[in-house]
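What follows is one structure encoded as structure tokens, with my remarks underneath.
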Amino acid sequence: MIDLMAIARTEHDGGDLFGLLATLYQPSPVKPAEFPEAVVWQGGTHDGTVRPIVHALTDAFALLGTIAAIDILGLPFYAIPMWAQYRHDTKLAPLAWFGNMPFTSIKWSTAGDAYVNDGTGQKVVVMGKSGNAPLRTQAGVFCNVRAYGPITVVRCMPCLPYSQNRSAFRVDNKTGIIHSEMDTPGVQMAYASRLFLKMVHETGRLGRVAMKPTQAMEDGINAGLLSWLLTGTRFEIGRTYAVDGYVEHREAVDRIIALLPADFKAGMEAWGGRIEQHIADTNYGLLVWDLIEKRDCIVLATDLDGDRLTDLLADISDPLRAFSGMVAKQLGQAVDTGELWRAMGYTTGNGRDMPSIMHRLNGPPIHEQTLGSADAMLLRLLDGDESLGGTKQPYDPRIHFVLIRNAYLEANPENKVLRQWLDQVLATFDTVYGTNRPGFLEGYQALKQAITPWGR
């Protein structure tokens with residue numbers, strides 16, 4: 001058994017977490033290209049039957065949950081130390097190490113404004129905040145894909161309407177006007193648009209485009225790229241932008257096209273499906289209707305609008321459920337709105353179960369999951385009262401096993417034995433946890449006893 005409490009105390013007290021974890025795992029001979037100095041650990045059974053995945057060892061319960069799960073499973077893995085203090089001390093170097101490992105990977109996102117020691121005994125906000133933005137740059141991420149109920153959002157990254165370069169920001173001392181340069185890399189947009197069209201073609205879902213080509217030149221060029229990609233395909237275009245972005249911005253779009261591989265559109269002449277083009281803001285209302293009417297669709301958006309759209313999806317189900325209860329009460333009925341929601345065929349919760357997959361220009365995707373209350377849960381564990389006097393349930397680590405399962409199956413799509421084994425692991429987990437959720441440490445011990453690790 002791993003002493004998870006010792007790990008939790010060491011992290012919380014600012015102890016030698018690196019030294020402690022280095023005793024659990026072996027140094028790996030596998031290094032990311034161009035980073036021979038990278039710290040890479042490995043564990044599990046590397047017997048050649050399963051392609052490993054990479055874990056980012058981040059913070060709090062994201063760290064503890066990962067360590068517990070990989071110990072229980074025994075599958076082959078690589079791990080990069082990446083918790084807040086270590087990221088800060090190494091000036092974000094682990095982000096480049098992790099982002100350039102040529103394996104399917106898992107990155108947990110925790111609180112972005114963590115305080116760390118600055119080396120002189122003072123507390124400062126961790127460099128790079130959550131590390132997500134610099135990680136995406138280092139890893140060559142061009143988009144992330146978030147599926148939630150019937151709706152999937154393809155969000156191009158960075159493609160922001162403001163620069164990520166802090167030095168580019170200026171505030172006029174006379175007017176107070178904030179100036180920044182735009183930052184919308186067209187190559188990433190081209191890759192994201194192609195992935196969007198591929199997904200629409202392969203799934204048969206409705207494709208929605210969320211841009212503002214009439215209000216922002218960047219989105220005019222983005223729409224022009226999409227127009228170029230659609231040319232020569234079998235896609236049916238329903239609602240379309242009044243002005244063709246490729247006609248309006250041909251010279252700028254052609255400069256981007258010249259940077260793409262010569263075979264970038266190879267095979268697309270056979271792709272088809274239905275595409276609807278809307279001003280970005282319109283999609284907020286449309287997606288509410290899509291969710292209510294259970295309409296399967298895929299949405300293409302730039303980073304800022306894509307972030308807002310996924311926030312909407314994460315937040316909208318709770319108000320819809322609450323409103324259904326208000327309507328029922330008005331009609332003289334008391335209903336369990338959660339049960340009513342499920343009985344009507346809806347599957348969305350409240351956003352904490354929304355997965356995210358970051359796609360890289362080179363290399364397999366990075367699976368990303370947010371654990372927003374990781375710090376609070378760690379404190380409850382250390383205080384010895386995970387349930388806060390019975391007002392809350394202990395932490396449910398099932399999402400760790402689900403995320404790990406998805407990553408291994410993506411990395412090993414033809415391994416039927418692995419799939420069956422992972423399915424059995426989840427069934428065993430559900431039996432152990434059942435209706436009376438154990439405490440985190442008790443659950444870890446019970447799962448260790450109930451699950452035989454891979455390769456043993």
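Just so we're on the same page: first chain in the structure tokens is A, next is B, and so on; residues restart at 1 for each chain, and ligands are numbered from 1 in the order they show up.
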I'd like the contact shell of Arg155 of chain A - 8 Å cut-off, only C-alpha atoms, skipping same-chain residues fewer than 4 positions apart - returned as a short mmCIF file (atom, residue, chain, number, x, y, z; two decimals) with C-alpha atoms, in the first residue's frame.
data_model
loop_
_atom_site.label_atom_id
_atom_site.label_comp_id
_atom_site.auth_asym_id
_atom_site.auth_seq_id
_atom_site.Cartn_x
_atom_site.Cartn_y
_atom_site.Cartn_z
CA CYS A 143 -7.99 22.54 -30.57
CA ASN A 144 -9.85 20.73 -27.85
CA VAL A 145 -13.00 18.69 -28.23
CA ALA A 192 -9.40 22.56 -36.21
CA LEU A 300 -16.79 24.79 -34.42
CA ALA A 301 -15.71 27.86 -32.46
CA THR A 302 -12.63 29.96 -31.78
CA ASP A 303 -11.11 29.89 -28.32
CA GLY A 306 -15.76 28.13 -27.56
CA ASP A 307 -14.96 28.72 -23.89
#
Quick one: residues within 6 Å of segment 32-39 of chain A, only C-alpha atoms, excluding same-chain residues fewer than 5 positions away - as a PyMOL selection string? chain A and resi 97+100-101
How close does each residue of segment 251-324 of chain A get to segment 223-236 of chain A, giving the shortest atom pair and distance in Å to one decimal for every residue with an atom at most 12 Å away, counting only C-alpha atoms, sorted by chain and residue number, as JSON lines?
{"residue": "A:Glu251", "atom": "CA", "partner": "A:Gly224", "partner_atom": "CA", "distance": 10.2}
{"residue": "A:Ala252", "atom": "CA", "partner": "A:Gly224", "partner_atom": "CA", "distance": 9.0}
{"residue": "A:Val253", "atom": "CA", "partner": "A:Leu225", "partner_atom": "CA", "distance": 6.1}
{"residue": "A:Asp254", "atom": "CA", "partner": "A:Leu225", "partner_atom": "CA", "distance": 8.6}
{"residue": "A:Arg255", "atom": "CA", "partner": "A:Leu225", "partner_atom": "CA", "distance": 10.6}
{"residue": "A:Ile256", "atom": "CA", "partner": "A:Leu225", "partner_atom": "CA", "distance": 8.3}
{"residue": "A:Ile257", "atom": "CA", "partner": "A:Leu225", "partner_atom": "CA", "distance": 8.0}
{"residue": "A:Ala258", "atom": "CA", "partner": "A:Leu225", "partner_atom": "CA", "distance": 11.8}
{"residue": "A:Leu260", "atom": "CA", "partner": "A:Leu225", "partner_atom": "CA", "distance": 11.5}
{"residue": "A:Phe264", "atom": "CA", "partner": "A:Leu229", "partner_atom": "CA", "distance": 9.3}
{"residue": "A:Lys265", "atom": "CA", "partner": "A:Leu229", "partner_atom": "CA", "distance": 7.2}
{"residue": "A:Ala266", "atom": "CA", "partner": "A:Leu229", "partner_atom": "CA", "distance": 10.6}
{"residue": "A:Gly267", "atom": "CA", "partner": "A:Thr233", "partner_atom": "CA", "distance": 9.2}
{"residue": "A:Met268", "atom": "CA", "partner": "A:Thr233", "partner_atom": "CA", "distance": 6.0}
{"residue": "A:Glu269", "atom": "CA", "partner": "A:Thr233", "partner_atom": "CA", "distance": 4.3}
{"residue": "A:Ala270", "atom": "CA", "partner": "A:Thr233", "partner_atom": "CA", "distance": 6.2}
{"residue": "A:Trp271", "atom": "CA", "partner": "A:Arg234", "partner_atom": "CA", "distance": 5.7}
{"residue": "A:Gly272", "atom": "CA", "partner": "A:Phe235", "partner_atom": "CA", "distance": 4.1}
{"residue": "A:Gly273", "atom": "CA", "partner": "A:Phe235", "partner_atom": "CA", "distance": 4.8}
{"residue": "A:Arg274", "atom": "CA", "partner": "A:Glu236", "partner_atom": "CA", "distance": 4.8}
{"residue": "A:Ile275", "atom": "CA", "partner": "A:Glu236", "partner_atom": "CA", "distance": 6.2}
{"residue": "A:Glu276", "atom": "CA", "partner": "A:Glu236", "partner_atom": "CA", "distance": 8.8}
{"residue": "A:Gln277", "atom": "CA", "partner": "A:Ala223", "partner_atom": "CA", "distance": 9.3}
{"residue": "A:His278", "atom": "CA", "partner": "A:Ala223", "partner_atom": "CA", "distance": 10.8}
{"residue": "A:Ile279", "atom": "CA", "partner": "A:Ala223", "partner_atom": "CA", "distance": 10.8}
{"residue": "A:Ala280", "atom": "CA", "partner": "A:Ala223", "partner_atom": "CA", "distance": 11.7}
{"residue": "A:Leu300", "atom": "CA", "partner": "A:Leu226", "partner_atom": "CA", "distance": 10.2}
{"residue": "A:Ala301", "atom": "CA", "partner": "A:Ala223", "partner_atom": "CA", "distance": 10.6}
{"residue": "A:Thr302", "atom": "CA", "partner": "A:Ala223", "partner_atom": "CA", "distance": 10.7}
With C-alpha atoms retained, write the just-selected residues as a PDB file, in the first residue's frame.
ATOM      1  CA  GLU A 251      -4.869  36.936 -50.261  1.00  0.00           C
ATOM      2  CA  ALA A 252      -4.659  36.506 -46.447  1.00  0.00           C
ATOM      3  CA  VAL A 253      -6.202  33.045 -46.531  1.00  0.00           C
ATOM      4  CA  ASP A 254      -3.854  31.919 -49.305  1.00  0.00           C
ATOM      5  CA  ARG A 255      -0.877  32.890 -47.141  1.00  0.00           C
ATOM      6  CA  ILE A 256      -2.115  30.450 -44.508  1.00  0.00           C
ATOM      7  CA  ILE A 257      -2.868  27.740 -47.077  1.00  0.00           C
ATOM      8  CA  ALA A 258       0.729  28.013 -48.301  1.00  0.00           C
ATOM      9  CA  LEU A 260      -0.153  23.761 -44.803  1.00  0.00           C
ATOM     10  CA  PHE A 264      -3.971  18.800 -46.457  1.00  0.00           C
ATOM     11  CA  LYS A 265      -7.296  18.261 -48.294  1.00  0.00           C
ATOM     12  CA  ALA A 266      -6.537  14.738 -49.533  1.00  0.00           C
ATOM     13  CA  GLY A 267      -9.665  12.557 -49.403  1.00  0.00           C
ATOM     14  CA  MET A 268     -11.988  15.402 -48.443  1.00  0.00           C
ATOM     15  CA  GLU A 269     -13.752  15.258 -51.806  1.00  0.00           C
ATOM     16  CA  ALA A 270     -15.692  12.288 -50.408  1.00  0.00           C
ATOM     17  CA  TRP A 271     -16.698  14.006 -47.148  1.00  0.00           C
ATOM     18  CA  GLY A 272     -20.297  15.110 -46.659  1.00  0.00           C
ATOM     19  CA  GLY A 273     -22.906  16.190 -44.141  1.00  0.00           C
ATOM     20  CA  ARG A 274     -24.899  19.296 -43.251  1.00  0.00           C
ATOM     21  CA  ILE A 275     -23.310  22.533 -42.061  1.00  0.00           C
ATOM     22  CA  GLU A 276     -25.041  25.596 -40.607  1.00  0.00           C
ATOM     23  CA  GLN A 277     -23.112  28.880 -40.272  1.00  0.00           C
ATOM     24  CA  HIS A 278     -24.199  31.306 -37.550  1.00  0.00           C
ATOM     25  CA  ILE A 279     -22.862  34.433 -35.884  1.00  0.00           C
ATOM     26  CA  ALA A 280     -21.199  33.152 -32.713  1.00  0.00           C
ATOM     27  CA  LEU A 300     -16.794  24.788 -34.415  1.00  0.00           C
ATOM     28  CA  ALA A 301     -15.708  27.855 -32.463  1.00  0.00           C
ATOM     29  CA  THR A 302     -12.633  29.959 -31.782  1.00  0.00           C
TER      30      THR A 302
END
Skipping near chain neighbours, those fewer than 3 positions away, what residues fall within 8 Å of Asn412 of chain A using only C-alpha atoms, listed as number ranges by chain? A: 50-51, 408-409, 415
List the neighbours of Pro52 of chain A out to 7 Å using only C-alpha atoms; skip same-chain residues closer than 2 positions along the sequence, and give me the result as a ChimeraX atom specification. /A:50,54,76-78
Keeping C-alpha atoms for every residue in the selection just given, could you write it to a file as a PDB file, in the first residue's frame?
ATOM      1  CA  VAL A  50      -0.070  -2.516 -23.815  1.00  0.00           C
ATOM      2  CA  VAL A  54       1.522   9.571 -19.820  1.00  0.00           C
ATOM      3  CA  PRO A  76       2.334   0.586 -17.886  1.00  0.00           C
ATOM      4  CA  PHE A  77       2.658   4.376 -17.679  1.00  0.00           C
ATOM      5  CA  TYR A  78       5.013   7.307 -17.760  1.00  0.00           C
TER       6      TYR A  78
END
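If you look at atom CA of Asp375 of chain A and atom CA of Leu63 of chain A, they are 10.7 Å away from each other.
You can rank A:Met217, A:Leu197, A:Met358, A:Ile292 by their closest distance to Gly140 of chain A using only C-alpha atoms, and at the top of that list sits A:Met358.
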Which residues come within 10 Å of Leu195 of chain A, counting only C-alpha atoms, excluding same-chain residues fewer than 4 positions away, as a VMD selection string? chain A and resid 143 145 154 189 to 191 199 to 201 300 359
When you look at Gly338 of chain A with a cut-off of 10 Å (counting only C-alpha atoms), what residues show up, excluding the ones that are within fewer than 6 positions of it in the same chain? I need them as a list of chain:residue names. A:Asp318, A:Arg321, A:Ala322, A:Ser324, A:Gly325, A:Tyr346, A:Gly349
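The residue set within 8 Å of Val116 of chain A, counting only C-alpha atoms and dropping same-chain residues fewer than 2 places from it, reads Ala84, Gln85, His88, Ala114, Asp118, Lys123, Val124, Val125 and Val126 of chain A.
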